[in-house]
Amino acid sequence: MAKLPPIEGCLTALVTPFRDGAVDYDALTRLVDWQIDCGIDGLVAVGTTGESATLDVDEHVAVISHVVRVARGRVPVVAGAGGNATAEALALTAASQKAGAQALLHVTPYYNKPTQEGLFRHYSAIAASTTLPILLYNVPSRTSCDLLPDTVERLAEIPNIVGIKEASGSLPRITELVARVGQRMAVISGDDATTFPTYAVGGRGVISVVSNIAPREMAQMWDLAREGQWDAARALHHRLRVLNQLLFVESNPIPVKAALAAMGRCTSEVRLPLVPCSAGLAKQLGAELATVGLL
């Protein structure tokens with residue numbers, strides 16, 4: 001099997017909107033259409049920002065299916081299909097493929113802290129179970145598990161592992177990954193604050209939280225960087241700098257949902273153990289949204 005082409009560009013880590021405790025599919029439809037109309041390169045359904053940890057399995061698969069139906073092939077839909085048990089990840093992989101997802105995002109198993117060999121075997125088993133392209137997802141701050149470059153380099157040999165969402169927040173790590181595997185897979189920023197620096201060292205995209213509220217600007221940043229228009233891309237990076245910081249003052253997706261509510265695009269509801277955005281942060285977000293012209 002030949003190496004599959006990478007998933008690249010600016011992909012939105014889409015929120016899952018709620019209303020009165022249930023998934024708000026009408027709001028989700030509007031969000032998907034708006035994202036695509038603004039030029040986004042892809043959508044990630046039910047990742048961290050989509051509150052995968054508080055959706056049950058039926059909701060998880062239903063949200064992926066809905067995003068696929070609304071997107072209608074206009075952009076690729078990447079399904080969050082990770083789990084901390086390999087059997088669970090395999091089941092979500094099969095369900096996501098059946099739902100019509102074009103690619104998969106697989107977070108490192110959380111809580112049980114596998115070794116690097118365990119991580120290699122986990123991802124190898126997932127890749128063997130599907131023909132879909134797979135993005136690895138490394139986010140040590142949430143999982144207590146770090147997918148190291150040596151292991152990524154081994155996994156890069158597998159044809160349908162086409163990229164990594166690197167959310168360590170470490171530019172030296174991103175730089176090392178680009179140097180070691182950048183010709184075989186897309187190294188994608190998993191932190192909005194490192195998006196422009198990732199492009200500058202040879203990364204090929206971002207899975208973005210801020211693009212939930214600024215899809216046009218984040219899509220343009222990628223387009224400009226890809227075309228070598230670095231000054232213009234850098235200007236967008238700095239324009240969104242404060243917003244990037246505010247969106248992570250409280251646990252994601254609390255602030256981004258508050259921002260979307262201020263924009264009238266969905267409610268700010270989250271599920272316990274997450275709680276709504278504090279009044280002080282919501283006020284700061286509203287002011288910054290107005291400053292950058294998003295209200």
# chains A, B, ... in the order shown; residues from 1 in each chain; ligands from 1

call {"tool": "residues_around", "arguments": {"residues": "Ala233 of chain A", "least_positions_apart": "2", "cutoff": "10 Å", "atoms": "only C-alpha atoms", "output": "PDB file with N, CA and C atoms, in the first residue's frame"}}
result
ATOM      1  N   PHE A 196       1.488  29.871  13.727  1.00  0.00           N
ATOM      2  CA  PHE A 196       2.393  30.554  12.800  1.00  0.00           C
ATOM      3  C   PHE A 196       3.831  30.037  12.940  1.00  0.00           C
ATOM      4  N   TYR A 199       4.141  26.810  11.039  1.00  0.00           N
ATOM      5  CA  TYR A 199       4.259  27.021   9.592  1.00  0.00           C
ATOM      6  C   TYR A 199       5.685  27.434   9.235  1.00  0.00           C
ATOM      7  N   GLU A 217     -10.116  34.089   9.157  1.00  0.00           N
ATOM      8  CA  GLU A 217      -8.774  34.585   9.463  1.00  0.00           C
ATOM      9  C   GLU A 217      -7.770  33.446   9.597  1.00  0.00           C
ATOM     10  N   MET A 218      -8.167  32.355  10.267  1.00  0.00           N
ATOM     11  CA  MET A 218      -7.249  31.235  10.433  1.00  0.00           C
ATOM     12  C   MET A 218      -7.002  30.521   9.111  1.00  0.00           C
ATOM     13  N   GLN A 220      -7.071  31.963   6.196  1.00  0.00           N
ATOM     14  CA  GLN A 220      -6.214  32.865   5.435  1.00  0.00           C
ATOM     15  C   GLN A 220      -4.769  32.783   5.885  1.00  0.00           C
ATOM     16  N   MET A 221      -4.549  32.621   7.203  1.00  0.00           N
ATOM     17  CA  MET A 221      -3.179  32.534   7.690  1.00  0.00           C
ATOM     18  C   MET A 221      -2.447  31.360   7.044  1.00  0.00           C
ATOM     19  N   TRP A 222      -3.129  30.209   6.966  1.00  0.00           N
ATOM     20  CA  TRP A 222      -2.519  29.054   6.309  1.00  0.00           C
ATOM     21  C   TRP A 222      -2.282  29.327   4.825  1.00  0.00           C
ATOM     22  N   ASP A 223      -3.270  29.885   4.152  1.00  0.00           N
ATOM     23  CA  ASP A 223      -3.131  30.150   2.720  1.00  0.00           C
ATOM     24  C   ASP A 223      -1.957  31.083   2.452  1.00  0.00           C
ATOM     25  N   LEU A 224      -1.833  32.124   3.266  1.00  0.00           N
ATOM     26  CA  LEU A 224      -0.748  33.098   3.080  1.00  0.00           C
ATOM     27  C   LEU A 224       0.616  32.465   3.353  1.00  0.00           C
ATOM     28  N   ALA A 225       0.714  31.680   4.414  1.00  0.00           N
ATOM     29  CA  ALA A 225       1.988  31.034   4.730  1.00  0.00           C
ATOM     30  C   ALA A 225       2.380  30.050   3.637  1.00  0.00           C
ATOM     31  N   ARG A 226       1.417  29.292   3.147  1.00  0.00           N
ATOM     32  CA  ARG A 226       1.696  28.321   2.087  1.00  0.00           C
ATOM     33  C   ARG A 226       2.211  29.017   0.830  1.00  0.00           C
ATOM     34  N   GLU A 227       1.714  30.230   0.586  1.00  0.00           N
ATOM     35  CA  GLU A 227       2.126  31.000  -0.591  1.00  0.00           C
ATOM     36  C   GLU A 227       3.388  31.822  -0.352  1.00  0.00           C
ATOM     37  N   GLY A 228       3.944  31.741   0.855  1.00  0.00           N
ATOM     38  CA  GLY A 228       5.162  32.483   1.163  1.00  0.00           C
ATOM     39  C   GLY A 228       4.947  33.946   1.501  1.00  0.00           C
ATOM     40  N   GLN A 229       3.702  34.320   1.781  1.00  0.00           N
ATOM     41  CA  GLN A 229       3.411  35.708   2.153  1.00  0.00           C
ATOM     42  C   GLN A 229       3.507  35.835   3.679  1.00  0.00           C
ATOM     43  N   TRP A 230       4.716  35.792   4.169  1.00  0.00           N
ATOM     44  CA  TRP A 230       4.958  35.668   5.602  1.00  0.00           C
ATOM     45  C   TRP A 230       4.561  36.911   6.385  1.00  0.00           C
ATOM     46  N   ASP A 231       4.761  38.084   5.844  1.00  0.00           N
ATOM     47  CA  ASP A 231       4.399  39.305   6.572  1.00  0.00           C
ATOM     48  C   ASP A 231       2.895  39.359   6.826  1.00  0.00           C
ATOM     49  N   ALA A 235       0.962  39.039  10.457  1.00  0.00           N
ATOM     50  CA  ALA A 235       0.031  40.061  10.938  1.00  0.00           C
ATOM     51  C   ALA A 235      -1.247  39.433  11.487  1.00  0.00           C
ATOM     52  N   LEU A 236      -1.743  38.385  10.823  1.00  0.00           N
ATOM     53  CA  LEU A 236      -2.928  37.687  11.328  1.00  0.00           C
ATOM     54  C   LEU A 236      -2.627  36.983  12.653  1.00  0.00           C
ATOM     55  N   HIS A 237      -1.459  36.404  12.747  1.00  0.00           N
ATOM     56  CA  HIS A 237      -1.038  35.753  13.989  1.00  0.00           C
ATOM     57  C   HIS A 237      -1.088  36.741  15.151  1.00  0.00           C
ATOM     58  N   HIS A 238      -0.546  37.917  14.951  1.00  0.00           N
ATOM     59  CA  HIS A 238      -0.519  38.905  16.025  1.00  0.00           C
ATOM     60  C   HIS A 238      -1.909  39.492  16.282  1.00  0.00           C
ATOM     61  N   ARG A 239      -2.707  39.610  15.255  1.00  0.00           N
ATOM     62  CA  ARG A 239      -4.076  40.109  15.448  1.00  0.00           C
ATOM     63  C   ARG A 239      -4.877  39.192  16.384  1.00  0.00           C
TER      64      ARG A 239
END

call {"tool": "atom_distance", "arguments": {"atom1": "atom CA of Leu90 of chain A", "atom2": "atom CA of Tyr123 of chain A"}}
result
9.8 Å

call {"tool": "residues_around", "arguments": {"residues": "segment 118-122 of chain A", "least_positions_apart": "4", "cutoff": "9 Å", "atoms": "only C-alpha atoms", "output": "MDAnalysis selection string"}}
result
chainID A and resid 85:86 89 108:109 114 126:127 147 151:152 154:155
